[in-house]
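Data from query.pdb: PDB, C-alpha atoms
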ATOM      1  CA  LEU A   1      39.196  83.073  21.010
ATOM      2  CA  ALA A   2      39.374  82.141  17.330
ATOM      3  CA  GLU A   3      42.973  83.368  17.039
ATOM      4  CA  ARG A   4      43.931  81.370  20.115
ATOM      5  CA  ALA A   5      42.326  78.213  18.643
ATOM      6  CA  CYS A   6      44.260  78.713  15.377
ATOM      7  CA  ALA A   7      47.529  79.262  17.246
ATOM      8  CA  THR A   8      46.969  76.126  19.310
ATOM      9  CA  ALA A   9      46.135  74.108  16.207
ATOM     10  CA  SER A  10      49.319  75.231  14.460
ATOM     11  CA  LEU A  11      51.412  74.391  17.537
ATOM     12  CA  VAL A  12      49.927  70.906  17.725
ATOM     13  CA  ARG A  13      50.635  70.358  14.019
ATOM     14  CA  HIS A  14      54.226  71.559  14.453
ATOM     15  CA  PHE A  15      55.247  69.560  17.519
ATOM     16  CA  GLU A  16      53.240  66.351  17.043
ATOM     17  CA  PRO A  17      52.976  65.614  13.318
ATOM     18  CA  HIS A  18      51.469  62.155  13.821
ATOM     19  CA  PHE A  19      48.796  63.622  16.129
ATOM     20  CA  ALA A  20      47.632  66.350  13.773
ATOM     21  CA  GLY A  21      44.963  66.000  11.143
ATOM     22  CA  HIS A  22      47.282  65.704   8.137
ATOM     23  CA  ALA A  23      48.665  62.507   6.661
ATOM     24  CA  ALA A  24      51.955  61.700   8.364
ATOM     25  CA  GLN A  25      55.022  61.919   6.158
ATOM     26  CA  ARG A  26      58.201  59.891   6.545
ATOM     27  CA  SER A  27      60.122  63.178   6.628
ATOM     28  CA  ASP A  28      58.262  64.120   9.858
ATOM     29  CA  TYR A  29      60.279  61.438  11.660
ATOM     30  CA  GLY A  30      63.821  62.256  10.545
ATOM     31  CA  TYR A  31      65.054  61.739  14.090
ATOM     32  CA  ILE A  32      64.432  58.000  13.698
ATOM     33  CA  ALA A  33      66.672  57.863  10.621
ATOM     34  CA  LYS A  34      69.497  59.348  12.725
ATOM     35  CA  GLU A  35      69.227  56.595  15.350
ATOM     36  CA  SER A  36      71.515  53.580  15.486
ATOM     37  CA  ARG A  37      70.539  50.276  13.869
ATOM     38  CA  SER A  38      69.884  48.750  17.301
ATOM     39  CA  ALA A  39      67.489  51.589  18.235
ATOM     40  CA  VAL A  40      65.520  51.099  15.005
ATOM     41  CA  ALA A  41      65.510  47.335  15.654
ATOM     42  CA  ALA A  42      64.091  47.968  19.153
ATOM     43  CA  ARG A  43      61.162  49.887  17.645
ATOM     44  CA  LEU A  44      60.542  46.967  15.263
ATOM     45  CA  ARG A  45      60.772  44.463  18.125
ATOM     46  CA  PHE A  46      58.107  46.461  19.968
ATOM     47  CA  LEU A  47      55.875  46.236  16.889
ATOM     48  CA  GLY A  48      56.549  42.499  16.526
ATOM     49  CA  VAL A  49      58.305  42.787  13.155
ATOM     50  CA  SER A  50      61.430  40.943  11.986
ATOM     51  CA  MET A  51      64.628  42.759  12.908
ATOM     52  CA  VAL A  52      66.883  41.169  10.291
ATOM     53  CA  GLY A  53      68.605  43.416   7.766
ATOM     54  CA  THR A  54      70.696  46.520   7.372
ATOM     55  CA  LYS A  55      69.722  49.819   8.952
ATOM     56  CA  ALA A  56      68.233  51.017   5.641
ATOM     57  CA  GLU A  57      66.134  47.836   5.373
ATOM     58  CA  LEU A  58      64.952  48.203   8.973
ATOM     59  CA  LEU A  59      63.956  51.824   8.360
ATOM     60  CA  ALA A  60      61.988  50.707   5.299
ATOM     61  CA  LYS A  61      60.216  48.046   7.388
ATOM     62  CA  LEU A  62      59.427  50.590  10.100
ATOM     63  CA  LEU A  63      58.493  53.728   8.149
ATOM     64  CA  GLY A  64      57.909  52.504   4.609
ATOM     65  CA  SER A  65      60.151  52.602   1.580
ATOM     66  CA  ALA A  66      59.354  55.953  -0.040
ATOM     67  CA  PRO A  67      61.676  58.626   1.429
ATOM     68  CA  GLY A  68      59.709  61.838   1.921
ATOM     69  CA  GLY A  69      56.469  60.081   1.006
ATOM     70  CA  GLU A  70      53.538  59.099   3.167
ATOM     71  CA  LEU A  71      54.263  57.087   6.264
ATOM     72  CA  GLY A  72      54.039  53.357   5.621
ATOM     73  CA  GLY A  73      55.579  50.153   6.896
ATOM     74  CA  ALA A  74      54.902  48.567  10.266
ATOM     75  CA  VAL A  75      54.094  51.903  11.886
ATOM     76  CA  ALA A  76      51.235  52.641   9.488
ATOM     77  CA  ALA A  77      49.737  49.199  10.088
ATOM     78  CA  ALA A  78      49.826  49.562  13.888
ATOM     79  CA  PRO A  79      46.869  50.777  15.985
ATOM     80  CA  PRO A  80      47.073  54.499  16.903
ATOM     81  CA  ALA A  81      48.081  53.950  20.540
ATOM     82  CA  VAL A  82      50.893  51.580  19.519
ATOM     83  CA  ARG A  83      51.990  53.903  16.705
ATOM     84  CA  ASP A  84      52.234  56.828  19.132
ATOM     85  CA  ILE A  85      54.572  54.857  21.396
ATOM     86  CA  ALA A  86      56.689  53.491  18.526
ATOM     87  CA  LEU A  87      57.240  57.003  17.145
ATOM     88  CA  LEU A  88      58.213  58.667  20.414
ATOM     89  CA  PRO A  89      61.511  60.554  20.130
ATOM     90  CA  ASP A  90      62.644  59.055  23.455
ATOM     91  CA  PHE A  91      61.395  55.520  22.728
ATOM     92  CA  ASP A  92      62.661  52.927  25.220
ATOM     93  CA  LEU A  93      61.833  49.268  24.651
ATOM     94  CA  LYS A  94      62.002  48.419  28.366
ATOM     95  CA  ARG A  95      59.478  51.122  29.257
ATOM     96  CA  ALA A  96      57.280  50.423  26.242
ATOM     97  CA  GLY A  97      56.793  46.742  26.997
ATOM     98  CA  LYS A  98      54.845  44.799  24.385
ATOM     99  CA  ALA A  99      52.604  46.324  21.744
ATOM    100  CA  SER A 100      49.993  43.637  22.374
ATOM    101  CA  LYS A 101      49.551  44.926  25.950
ATOM    102  CA  VAL A 102      48.981  48.566  24.995
ATOM    103  CA  PRO A 103      45.323  49.442  25.678
ATOM    104  CA  GLU A 104      43.328  50.901  22.827
ATOM    105  CA  LYS A 105      42.821  54.591  23.362
ATOM    106  CA  PRO A 106      39.664  56.526  22.542
ATOM    107  CA  PRO A 107      39.744  58.985  19.640
ATOM    108  CA  SER A 108      41.425  62.258  20.524
ATOM    109  CA  VAL A 109      39.468  65.428  21.155
ATOM    110  CA  TRP A 110      41.426  66.998  18.308
ATOM    111  CA  SER A 111      40.169  64.454  15.778
ATOM    112  CA  GLY A 112      36.641  65.071  17.067
ATOM    113  CA  LEU A 113      37.064  68.795  16.454
ATOM    114  CA  VAL A 114      38.423  68.187  12.964
ATOM    115  CA  ASP A 115      35.493  65.863  12.160
ATOM    116  CA  ALA A 116      32.981  68.377  13.520
ATOM    117  CA  ALA A 117      34.611  71.200  11.543
ATOM    118  CA  ALA A 118      34.467  69.122   8.364
ATOM    119  CA  ALA A 119      30.772  68.374   8.929
ATOM    120  CA  ALA A 120      29.844  72.007   9.640
ATOM    121  CA  ALA A 121      28.434  74.071   6.786
ATOM    122  CA  PRO A 122      31.344  76.053   5.285
ATOM    123  CA  GLY A 123      30.871  79.716   4.530
ATOM    124  CA  SER A 124      28.067  80.351   7.012
ATOM    125  CA  ALA A 125      28.546  83.086   9.585
ATOM    126  CA  PRO A 126      29.126  81.676  13.089
ATOM    127  CA  GLU A 127      26.270  82.409  15.474
ATOM    128  CA  THR A 128      27.487  80.591  18.586
ATOM    129  CA  GLY A 129      30.845  80.132  20.257
ATOM    130  CA  LYS A 130      30.934  76.495  19.173
ATOM    131  CA  GLU A 131      30.449  77.463  15.517
ATOM    132  CA  LEU A 132      33.221  80.065  15.843
ATOM    133  CA  VAL A 133      35.662  77.464  17.220
ATOM    134  CA  LEU A 134      34.676  75.006  14.484
ATOM    135  CA  GLN A 135      35.294  77.685  11.859
ATOM    136  CA  ALA A 136      38.725  78.406  13.377
ATOM    137  CA  VAL A 137      39.629  74.723  13.403
ATOM    138  CA  ARG A 138      38.445  74.334   9.809
ATOM    139  CA  SER A 139      40.656  77.214   8.679
ATOM    140  CA  ALA A 140      43.623  75.918  10.720
ATOM    141  CA  VAL A 141      43.600  72.459   9.134
ATOM    142  CA  ALA A 142      42.887  73.667   5.601
TER     143      ALA A 142
END
What's the structure tokens form of this structure?
Amino acid sequence: LAERACATASLVRHFEPHFAGHAAQRSDYGYIAKESRSAVAARLRFLGVSMVGTKAELLAKLLGSAPGGELGGAVAAAPPAVRDIALLPDFDLKRAGKASKVPEKPPSVWSGLVDAAAAAAPGSAPETGKELVLQAVRSAVA
């Protein structure tokens, strides 16, 4: 069970970098840098940010200005539910609608597990199944 929890945690971290428990990096979203200027502008329009400028300026507005650094810009300032939509690889402005109409989503189960694992006493031997899963999650996100 513990190995399965670790494998699942590593898969989540690999395929959904903004969902996982680590700080999102601009490099995690390289697919956005490969998009056309109009596609980047559509993401900014969804977030309600000015769409004036070159593609490089729009990318800096969207993801922040430090290449390879922590995620910044309009995406970092957006609520989690809006950020998730704005960072989708197959983002479509018509389907996304307006950011102001996106309902706030409750915290994910994953973040609850990470918080519980951080609060659990490290180094103690697990006595229950829950403690074993928490230990596996703690080691997976370390």
Select, from A:Ala33, A:Val102, A:Ala2, A:Ala60, the residue with the minimum atom-to-atom distance to Gly73 in chain A, counting all atoms listed in the file.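 Answer, going by the shortest atom-to-atom distance: A:Ala60.
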Among the residues A:Ala96, A:Arg138, A:Asp90, A:Gly48, the one that comes closest to Glu35 in chain A [using all atoms listed in the file]: A:Asp90
Which residue is closest to Tyr29 in chain A? Choose from A:Leu93, A:Leu88, A:Leu44, A:Ala77 and count all atoms listed in the file.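 Among A:Leu93, A:Leu88, A:Leu44, A:Ala77, it is A:Leu88 that comes nearest to Tyr29 in chain A.
Atom pair CA of Arg37 in chain A / CA of Ala74 in chain A: separated by 16.1 Å.
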Using all atoms listed in the file, which of the listed residues (A:Ala76, A:Ala5, A:Val82, A:Leu63) sits closest to Gly30 in chain A?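 The answer is A:Leu63, which sits nearest to Gly30 in chain A.
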Give me the residues within 9 Å of Met51 in chain A as an NGL selection string, counting only C-alpha atoms and dropping any in the same chain fewer than 3 places off. :A and (40-42 or 44-45 or 48 or 58 or 61)
